[in-house]
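Structure below is start_32.cif: mmCIF, C-alpha atoms.
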data_query
loop_
_atom_site.label_atom_id
_atom_site.label_comp_id
_atom_site.auth_asym_id
_atom_site.auth_seq_id
_atom_site.Cartn_x
_atom_site.Cartn_y
_atom_site.Cartn_z
CA MET A 1 10.42 22.01 -5.19
CA THR A 2 11.09 23.49 -8.62
CA ASP A 3 12.74 20.28 -9.86
CA LEU A 4 9.92 18.00 -8.74
CA LYS A 5 7.37 16.31 -10.95
CA THR A 6 3.71 17.16 -10.47
CA THR A 7 0.53 15.10 -10.66
CA PRO A 8 -2.49 16.06 -12.77
CA LEU A 9 -4.12 17.37 -9.57
CA ASP A 10 -1.30 19.74 -8.61
CA ALA A 11 -3.25 22.92 -9.39
CA LEU A 12 -6.25 21.66 -7.44
CA HIS A 13 -4.10 20.90 -4.38
CA ARG A 14 -2.77 24.44 -4.40
CA ARG A 15 -6.23 25.97 -4.79
CA LEU A 16 -7.34 23.94 -1.80
CA GLY A 17 -4.47 25.35 0.28
CA ALA A 18 -2.42 22.17 0.55
CA ARG A 19 1.04 22.23 2.07
CA MET A 20 3.19 20.66 -0.62
CA VAL A 21 6.30 18.59 0.14
CA PRO A 22 8.76 16.52 -1.89
CA PHE A 23 7.87 12.82 -1.98
CA ALA A 24 9.28 10.17 -4.32
CA GLY A 25 10.35 12.88 -6.76
CA TYR A 26 6.95 14.59 -6.80
CA ALA A 27 5.44 17.66 -5.19
CA MET A 28 2.69 16.11 -3.06
CA PRO A 29 0.17 17.44 -0.52
CA VAL A 30 1.12 16.43 3.02
CA GLN A 31 -1.95 18.14 4.50
CA TYR A 32 -4.68 20.68 3.85
CA PRO A 33 -5.82 23.56 6.12
CA ALA A 34 -8.01 21.24 8.24
CA GLY A 35 -4.86 19.41 9.40
CA ILE A 36 -3.73 15.79 9.58
CA MET A 37 -5.82 14.87 12.62
CA ALA A 38 -9.02 16.12 10.99
CA GLU A 39 -8.17 14.41 7.70
CA HIS A 40 -7.49 11.14 9.52
CA ALA A 41 -10.83 11.37 11.34
CA GLN A 42 -12.57 12.24 8.08
CA CYS A 43 -11.40 8.95 6.57
CA ARG A 44 -12.39 6.90 9.61
CA THR A 45 -15.86 8.47 9.92
CA LYS A 46 -16.89 9.72 6.45
CA ALA A 47 -14.79 9.75 3.26
CA ALA A 48 -11.41 11.19 2.34
CA LEU A 49 -9.99 11.77 -1.13
CA PHE A 50 -6.29 11.10 -1.71
CA ASP A 51 -4.18 11.83 -4.77
CA VAL A 52 -1.96 8.80 -5.43
CA SER A 53 -1.18 9.68 -9.04
CA HIS A 54 2.54 9.47 -8.32
CA MET A 55 2.20 5.69 -8.27
CA GLY A 56 3.17 3.77 -11.39
CA GLN A 57 0.41 2.30 -13.56
CA GLY A 58 0.82 -0.10 -16.47
CA VAL A 59 -0.62 -3.09 -18.30
CA LEU A 60 0.81 -6.43 -19.40
CA GLU A 61 -0.69 -7.90 -22.56
CA GLY A 62 -0.18 -11.24 -24.23
CA ALA A 63 -1.30 -14.84 -23.78
CA GLU A 64 1.67 -15.59 -21.52
CA ALA A 65 1.45 -12.42 -19.42
CA ALA A 66 0.50 -14.24 -16.20
CA ALA A 67 3.25 -16.85 -16.61
CA ALA A 68 5.79 -14.11 -17.35
CA LEU A 69 4.88 -12.15 -14.23
CA GLU A 70 5.01 -15.30 -12.11
CA ARG A 71 8.70 -15.56 -12.94
CA LEU A 72 9.18 -12.40 -10.87
CA THR A 73 6.74 -12.90 -7.97
CA PRO A 74 5.63 -15.66 -5.58
CA ALA A 75 1.99 -14.67 -6.12
CA ASP A 76 -0.45 -16.87 -7.99
CA ILE A 77 -1.14 -14.71 -11.04
CA ALA A 78 -2.48 -17.45 -13.32
CA GLY A 79 -5.15 -18.26 -10.74
CA LEU A 80 -6.33 -14.66 -10.43
CA LYS A 81 -9.92 -14.59 -11.68
CA PRO A 82 -11.18 -11.95 -14.14
CA ASN A 83 -12.14 -8.64 -12.53
CA ARG A 84 -10.18 -9.48 -9.39
CA GLN A 85 -7.12 -7.79 -7.91
CA ARG A 86 -4.32 -9.12 -5.69
CA TYR A 87 -1.58 -7.68 -3.46
CA ALA A 88 1.77 -9.14 -4.49
CA LEU A 89 5.53 -8.83 -4.07
CA LEU A 90 8.39 -8.58 -6.53
CA THR A 91 11.19 -10.64 -4.98
CA ALA A 92 14.94 -10.57 -5.56
CA GLU A 93 17.19 -13.60 -6.07
CA ASP A 94 18.37 -13.38 -2.45
CA GLY A 95 14.80 -13.47 -1.15
CA GLY A 96 14.51 -9.75 -0.42
CA ILE A 97 11.54 -7.67 -1.53
CA ARG A 98 12.10 -5.44 -4.56
CA ASP A 99 8.66 -3.83 -4.18
CA ASP A 100 5.05 -4.55 -3.32
CA PHE A 101 2.40 -3.96 -5.96
CA MET A 102 -1.20 -4.54 -6.97
CA VAL A 103 -2.14 -6.68 -9.96
CA ALA A 104 -5.61 -6.99 -11.48
CA ASN A 105 -6.94 -9.38 -14.11
CA LEU A 106 -8.80 -7.33 -16.71
CA GLY A 107 -9.45 -10.30 -18.97
CA GLU A 108 -7.07 -9.84 -21.88
CA ARG A 109 -4.51 -7.87 -19.86
CA LEU A 110 -3.08 -7.45 -16.39
CA PHE A 111 -3.23 -4.04 -14.71
CA LEU A 112 -0.30 -3.19 -12.41
CA VAL A 113 0.12 -0.46 -9.78
CA VAL A 114 3.59 -0.09 -8.28
CA ASN A 115 5.15 2.29 -5.77
CA ALA A 116 6.18 5.77 -6.90
CA ALA A 117 9.78 5.60 -5.68
CA CYS A 118 10.34 2.24 -7.39
CA LYS A 119 8.25 2.56 -10.53
CA ASP A 120 11.00 3.23 -13.06
CA GLU A 121 13.13 0.39 -11.70
CA ASP A 122 10.12 -1.93 -11.40
CA PHE A 123 8.90 -1.42 -14.93
CA ALA A 124 12.42 -1.78 -16.33
CA HIS A 125 12.86 -5.00 -14.33
CA ILE A 126 9.56 -6.42 -15.55
CA ALA A 127 10.18 -5.42 -19.17
CA ALA A 128 13.63 -7.00 -19.14
CA HIS A 129 12.16 -10.39 -18.21
CA LEU A 130 9.27 -10.56 -20.67
CA PRO A 131 9.13 -13.00 -23.58
CA ALA A 132 8.71 -11.59 -27.07
CA ASP A 133 4.95 -12.19 -27.12
CA VAL A 134 4.21 -10.23 -23.91
CA ARG A 135 4.18 -6.43 -23.93
CA LEU A 136 4.34 -3.95 -21.05
CA THR A 137 2.74 -0.54 -21.58
CA VAL A 138 3.38 2.05 -18.90
CA TRP A 139 0.50 4.47 -18.46
CA THR A 140 2.01 7.93 -18.21
CA ASP A 141 -1.21 9.80 -18.99
CA ARG A 142 -3.33 8.56 -16.08
CA ALA A 143 -4.12 9.83 -12.60
CA LEU A 144 -4.94 7.64 -9.61
CA ILE A 145 -7.37 8.83 -6.92
CA ALA A 146 -8.29 6.98 -3.72
CA LEU A 147 -11.70 7.54 -2.14
CA GLN A 148 -11.57 5.96 1.32
CA GLY A 149 -13.88 5.68 4.31
CA PRO A 150 -17.25 4.32 5.43
CA ALA A 151 -19.14 6.93 3.37
CA ALA A 152 -17.26 6.06 0.17
CA GLU A 153 -19.87 3.51 -0.87
CA GLY A 154 -22.68 6.06 -0.56
CA VAL A 155 -20.71 8.60 -2.60
CA MET A 156 -20.14 6.07 -5.37
CA ALA A 157 -23.80 5.02 -5.25
CA ARG A 158 -24.67 8.60 -6.19
CA LEU A 159 -21.97 9.17 -8.80
CA GLY A 160 -20.94 5.75 -10.15
CA PRO A 161 -23.47 3.13 -9.00
CA ALA A 162 -21.80 0.22 -10.78
CA ALA A 163 -18.80 0.53 -8.45
CA VAL A 164 -20.97 -0.33 -5.44
CA LEU A 165 -21.45 -3.84 -6.84
CA LEU A 166 -17.73 -4.56 -6.55
CA PRO A 167 -16.59 -6.76 -3.66
CA PHE A 168 -13.32 -6.08 -1.84
CA MET A 169 -10.48 -6.42 -4.38
CA GLY A 170 -12.92 -6.38 -7.27
CA VAL A 171 -12.10 -4.23 -10.32
CA ALA A 172 -14.12 -3.00 -13.30
CA GLU A 173 -14.53 -0.27 -15.87
CA VAL A 174 -17.02 2.17 -14.33
CA THR A 175 -18.42 5.52 -15.41
CA ILE A 176 -18.33 8.07 -12.57
CA ALA A 177 -20.20 11.33 -13.14
CA GLY A 178 -19.98 10.71 -16.88
CA ILE A 179 -16.21 10.03 -16.81
CA PRO A 180 -14.91 6.55 -17.79
CA CYS A 181 -12.67 5.12 -15.07
CA LEU A 182 -10.99 1.90 -14.02
CA VAL A 183 -12.13 1.28 -10.44
CA SER A 184 -10.94 -1.20 -7.83
CA ARG A 185 -12.52 -1.69 -4.43
CA SER A 186 -9.32 -1.38 -2.45
CA GLY A 187 -7.08 1.11 -0.73
CA TYR A 188 -4.40 1.43 1.93
CA THR A 189 -6.22 2.86 4.93
CA GLY A 190 -7.95 -0.19 6.39
CA GLU A 191 -11.32 1.31 5.41
CA ASP A 192 -13.72 0.39 2.66
CA GLY A 193 -13.03 2.45 -0.41
CA PHE A 194 -12.09 2.70 -4.05
CA GLU A 195 -9.00 3.44 -6.11
CA ILE A 196 -9.87 5.17 -9.35
CA SER A 197 -7.63 5.26 -12.41
CA VAL A 198 -8.69 8.05 -14.76
CA SER A 199 -7.32 9.87 -17.77
CA ALA A 200 -5.05 12.72 -16.66
CA ASP A 201 -7.05 15.33 -18.57
CA ARG A 202 -10.25 14.39 -16.69
CA ALA A 203 -8.73 13.87 -13.25
CA GLU A 204 -9.32 17.36 -11.91
CA ARG A 205 -12.96 17.39 -12.96
CA LEU A 206 -13.49 14.00 -11.35
CA ALA A 207 -11.77 15.06 -8.11
CA GLU A 208 -13.80 18.27 -7.91
CA THR A 209 -17.01 16.30 -8.47
CA LEU A 210 -16.13 13.89 -5.65
CA LEU A 211 -15.13 16.74 -3.34
CA ALA A 212 -18.44 18.47 -3.98
CA ASP A 213 -20.16 15.66 -2.08
CA PRO A 214 -20.72 16.78 1.53
CA ASP A 215 -19.30 13.49 2.84
CA VAL A 216 -15.92 13.95 1.11
CA ALA A 217 -12.89 16.07 2.06
CA PRO A 218 -9.31 16.07 0.75
CA ALA A 219 -6.55 14.31 2.68
CA GLY A 220 -2.78 14.29 2.22
CA LEU A 221 0.24 12.10 2.83
CA GLY A 222 0.25 12.76 6.57
CA ALA A 223 -3.15 11.21 7.14
CA ARG A 224 -2.46 8.45 4.64
CA ASP A 225 0.58 7.43 6.69
CA SER A 226 -1.19 7.44 10.07
CA LEU A 227 -4.14 5.53 8.60
CA ARG A 228 -2.01 2.78 7.04
CA LEU A 229 0.06 2.47 10.23
CA GLU A 230 -3.07 1.96 12.35
CA ALA A 231 -4.14 -0.64 9.78
CA GLY A 232 -0.79 -2.47 10.13
CA LEU A 233 0.06 -2.00 6.44
CA CYS A 234 3.64 -1.85 5.20
CA LEU A 235 5.31 1.16 3.62
CA TYR A 236 7.95 0.13 1.10
CA GLY A 237 11.33 1.56 2.03
CA ASN A 238 10.41 1.55 5.72
CA ASP A 239 8.81 -1.73 6.73
CA ILE A 240 9.85 -3.82 3.72
CA ASP A 241 12.79 -3.50 1.34
CA ARG A 242 15.57 -5.48 -0.31
CA THR A 243 16.83 -6.63 3.11
CA THR A 244 13.52 -8.12 4.26
CA SER A 245 11.94 -11.36 3.08
CA PRO A 246 8.19 -12.02 2.73
CA VAL A 247 8.36 -14.43 5.67
CA GLU A 248 10.15 -11.99 7.97
CA ALA A 249 7.68 -9.28 6.97
CA ALA A 250 4.67 -11.46 7.93
CA LEU A 251 3.63 -11.42 4.26
CA ALA A 252 3.96 -15.15 3.59
CA TRP A 253 0.23 -15.14 2.80
CA THR A 254 1.08 -13.48 -0.53
CA ILE A 255 2.80 -16.72 -1.65
CA GLY A 256 0.25 -18.76 -3.58
CA LYS A 257 -0.42 -22.38 -2.61
CA ARG A 258 0.56 -23.62 -6.06
CA ARG A 259 3.72 -21.52 -5.99
CA ARG A 260 4.74 -23.29 -2.76
CA SER A 261 4.91 -26.53 -4.71
CA GLU A 262 6.75 -25.06 -7.70
CA TRP A 263 9.37 -22.84 -5.99
CA ASN A 264 10.26 -21.25 -9.33
CA PHE A 265 10.35 -17.58 -8.36
CA PRO A 266 13.25 -15.31 -7.35
CA GLY A 267 14.45 -15.93 -3.79
CA ALA A 268 12.61 -19.25 -3.51
CA ALA A 269 15.47 -21.02 -1.69
CA ARG A 270 15.62 -18.52 1.18
CA ILE A 271 11.86 -18.10 1.38
CA ARG A 272 11.27 -21.86 1.47
CA SER A 273 13.90 -22.28 4.18
CA GLU A 274 12.32 -19.57 6.32
CA LEU A 275 8.85 -21.03 5.89
CA GLU A 276 10.08 -24.43 7.03
CA ALA A 277 12.51 -23.46 9.81
CA GLY A 278 11.24 -20.00 10.72
CA PRO A 279 13.01 -16.67 10.14
CA SER A 280 15.43 -15.13 12.61
CA ARG A 281 13.21 -12.07 13.01
CA LEU A 282 9.59 -11.05 12.45
CA ARG A 283 7.68 -7.85 11.76
CA VAL A 284 5.40 -7.13 14.71
CA GLY A 285 3.19 -4.42 16.09
CA ILE A 286 4.46 -2.37 19.03
CA LEU A 287 2.35 -0.40 21.50
CA PRO A 288 4.45 2.07 23.52
CA GLU A 289 3.21 2.97 26.97
CA GLY A 290 2.44 6.62 27.66
CA ARG A 291 2.07 9.30 24.99
CA ALA A 292 5.53 9.55 23.40
CA PRO A 293 5.69 8.01 19.91
CA ALA A 294 8.67 5.96 18.75
CA ARG A 295 9.77 6.81 15.22
CA ALA A 296 11.56 4.76 12.58
CA HIS A 297 15.08 3.57 13.52
CA ALA A 298 14.43 3.66 17.28
CA THR A 299 16.00 0.49 18.67
CA ILE A 300 13.98 -2.20 20.43
CA HIS A 301 15.41 -3.89 23.52
CA ALA A 302 14.60 -6.96 25.61
CA ALA A 303 14.02 -6.80 29.34
CA ASP A 304 17.75 -7.39 29.97
CA GLY A 305 18.70 -4.43 27.75
CA THR A 306 19.81 -6.50 24.76
CA GLN A 307 18.94 -4.93 21.43
CA ILE A 308 16.54 -7.24 19.61
CA GLY A 309 15.40 -5.12 16.68
CA ALA A 310 14.33 -1.69 15.46
CA ILE A 311 11.20 0.31 14.72
CA THR A 312 10.46 0.71 11.01
CA SER A 313 7.32 2.89 11.26
CA GLY A 314 5.94 4.74 14.23
CA GLY A 315 3.81 7.69 15.19
CA PHE A 316 0.63 8.74 16.92
CA GLY A 317 -2.54 6.77 16.19
CA PRO A 318 -5.38 9.32 16.24
CA THR A 319 -8.10 6.65 16.30
CA LEU A 320 -6.53 5.00 19.35
CA ASN A 321 -5.43 8.34 20.82
CA ALA A 322 -2.11 6.65 21.57
CA PRO A 323 1.25 5.98 19.92
CA VAL A 324 1.62 2.93 17.65
CA ALA A 325 4.57 1.41 15.82
CA MET A 326 5.78 -1.62 13.94
CA GLY A 327 9.22 -3.09 13.57
CA TYR A 328 11.32 -6.23 13.51
CA VAL A 329 12.28 -8.25 16.58
CA ARG A 330 13.96 -11.57 17.24
CA ARG A 331 11.53 -14.39 16.54
CA ASP A 332 11.77 -15.76 20.09
CA LEU A 333 10.53 -12.40 21.41
CA ALA A 334 7.79 -11.79 18.82
CA ALA A 335 4.84 -13.18 20.76
CA GLU A 336 1.94 -10.85 21.47
CA GLY A 337 2.26 -9.26 24.90
CA THR A 338 6.05 -9.59 25.13
CA PRO A 339 7.41 -6.61 27.13
CA VAL A 340 10.11 -4.58 25.37
CA ALA A 341 11.77 -1.20 25.73
CA LEU A 342 12.26 1.45 23.04
CA ALA A 343 15.24 3.80 22.90
CA VAL A 344 13.66 7.22 22.29
CA ARG A 345 15.63 10.46 22.71
CA GLY A 346 18.06 8.97 25.18
CA ARG A 347 15.39 7.29 27.30
CA MET A 348 14.15 3.70 27.45
CA LEU A 349 10.37 3.69 27.08
CA PRO A 350 8.33 0.62 28.07
CA ALA A 351 6.27 -1.02 25.34
CA ARG A 352 4.84 -4.37 24.38
CA VAL A 353 4.50 -6.48 21.26
CA ALA A 354 0.94 -6.22 19.95
CA ALA A 355 -1.24 -7.80 17.31
CA MET A 356 -1.95 -5.91 14.10
CA PRO A 357 -3.99 -4.24 12.80
CA PHE A 358 -4.25 -1.76 15.65
CA VAL A 359 -7.60 -0.60 14.23
CA PRO A 360 -9.81 -3.33 12.71
CA HIS A 361 -10.06 -3.43 8.91
CA ARG A 362 -13.46 -2.55 7.53
CA TYR A 363 -13.17 -3.84 3.98
CA LYS A 364 -16.34 -4.71 2.04
CA ARG A 365 -16.38 -8.51 1.95
#

Let's see the structure in the file written out as structure tokens.
Amino acid sequence: MTDLKTTPLDALHRRLGARMVPFAGYAMPVQYPAGIMAEHAQCRTKAALFDVSHMGQGVLEGAEAAAALERLTPADIAGLKPNRQRYALLTAEDGGIRDDFMVANLGERLFLVVNAACKDEDFAHIAAHLPADVRLTVWTDRALIALQGPAAEGVMARLGPAAVLLPFMGVAEVTIAGIPCLVSRSGYTGEDGFEISVSADRAERLAETLLADPDVAPAGLGARDSLRLEAGLCLYGNDIDRTTSPVEAALAWTIGKRRRSEWNFPGAARIRSELEAGPSRLRVGILPEGRAPARAHATIHAADGTQIGAITSGGFGPTLNAPVAMGYVRRDLAAEGTPVALAVRGRMLPARVAAMPFVPHRYKR
């Protein structure tokens, strides 16, 4: 733990009694004294506050910024309207996924948020492919806080009313409790909520102000993981990586319509082929029978015992009060309701392929 980086909220986490763990090179709170189950329920019923400051933040500036970024992603960046945000993928030449990220159009610049474990590589990759008139600035002096849950809107109405006007995936400069912030109406829990980029030196004051609201409680990585799994959302390094394509990962919707006529992004040949002929495997939801969860790397088997894939994320879904998982299976066995078996601790547990999300999304449309 002594060699790990810390976020601007590190001291606050420790005052709140968080259990800190290593994650992506940072000391991060996995849970607080209330526990993961309570934090998960807090997000589903009221509002939970997450520190995601370990993520990478940066801006692209220049008239050709959108065109430059499109050379690295299948997403339609040029068509992204001002004050709107989009989920996108950085693809590799072989069609694999280098990372998933968020991109927002702030008018004269693009705002990027990338995964913590990949941020140095991502920003180096992007910078290496920029023309001379486009500049990448990595924000190293910012924190990122996620306020998630059905009560999040009410909290923002009291502290930063302008944020309430944002639709899902909207983004704007908003003042919250007197502190200037960059706010997007997004998150990774399946709930309505906001992600708030704020200057590092004001992050603790902002977090304490949000936590002072009776509807808000802190939540750590444990609850964040169970929430995103119930919502059917991918975790980079588990559910998507350099070996998975957007089509296999059921993320073909991130490929813009215009981009499907241009095919001028990394990995286009493989991705186009899989869109036309179908991939050999697909990411699917899995519902195990009984109470035993299936964790990542557990193998998935057909009725005849043949291995057809593997779990990439799995655990207990507190909202469902049952285990949930996702993984990759052969395309011919990916239909909803298909019976499968999971190899867990030397036993074969019955399960079935299920639709995702396991818990309906409640984004503000």

Contacts of stretch 177-246 of chain A with stretch 282-288 of chain A up to 12 Å, shortest pair per row, only C-alpha atoms, as a Markdown table:
| residue | atom | partner | partner_atom | distance |
| --- | --- | --- | --- | --- |
| A:Leu229 | CA | A:Gly285 | CA | 9.6 |
| A:Glu230 | CA | A:Gly285 | CA | 9.7 |
| A:Ala231 | CA | A:Gly285 | CA | 10.4 |
| A:Gly232 | CA | A:Gly285 | CA | 7.4 |
| A:Leu233 | CA | A:Gly285 | CA | 10.4 |
| A:Cys234 | CA | A:Arg283 | CA | 9.8 |
| A:Asn238 | CA | A:Arg283 | CA | 11.5 |
| A:Asp239 | CA | A:Arg283 | CA | 8.0 |
| A:Ile240 | CA | A:Arg283 | CA | 9.3 |
| A:Thr244 | CA | A:Arg283 | CA | 9.5 |
| A:Ser245 | CA | A:Leu282 | CA | 9.7 |
| A:Pro246 | CA | A:Leu282 | CA | 9.9 |

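Close contacts of A:Gly187, defined as residues with an atom at most 9 Å away when counting all atoms listed in the file, with chain neighbours fewer than 5 positions off set aside, comprise A:Ala146, A:Leu147, A:Gln148, A:Asp192, A:Gly193, A:Phe194, A:Glu195.
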
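Excluding stretch 69-71 of chain A itself and same-chain residues fewer than 6 positions from it, the residues having an atom within 9 Å of it are Leu60, Ile77, Ala78, Ile126, His129, Leu130, Arg259, Asn264, Phe265 and Pro266 of chain A, counting only C-alpha atoms.
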
Ground truth for the PyMOL selection byres ((chain A and resi 295) around 10), written as a PyMOL selection string: chain A and resi 292-294+296-299+310-316+323-326+342-344

When the PyMOL selection byres ((chain A and resi 219) around 7) is applied to the structure above, which residues does it catch, written out as a JSON list (two decimals) with C-alpha atoms, in the frame of the given file?
[["chain", "number", "residue", "atom", "x", "y", "z"],
["A", 31, "GLN", "CA", -1.95, 18.14, 4.50],
["A", 32, "TYR", "CA", -4.68, 20.68, 3.85],
["A", 39, "GLU", "CA", -8.17, 14.41, 7.70],
["A", 48, "ALA", "CA", -11.41, 11.19, 2.34],
["A", 49, "LEU", "CA", -9.99, 11.77, -1.13],
["A", 50, "PHE", "CA", -6.29, 11.10, -1.71],
["A", 217, "ALA", "CA", -12.89, 16.07, 2.06],
["A", 218, "PRO", "CA", -9.31, 16.07, 0.75],
["A", 220, "GLY", "CA", -2.78, 14.29, 2.22],
["A", 223, "ALA", "CA", -3.15, 11.21, 7.14]]
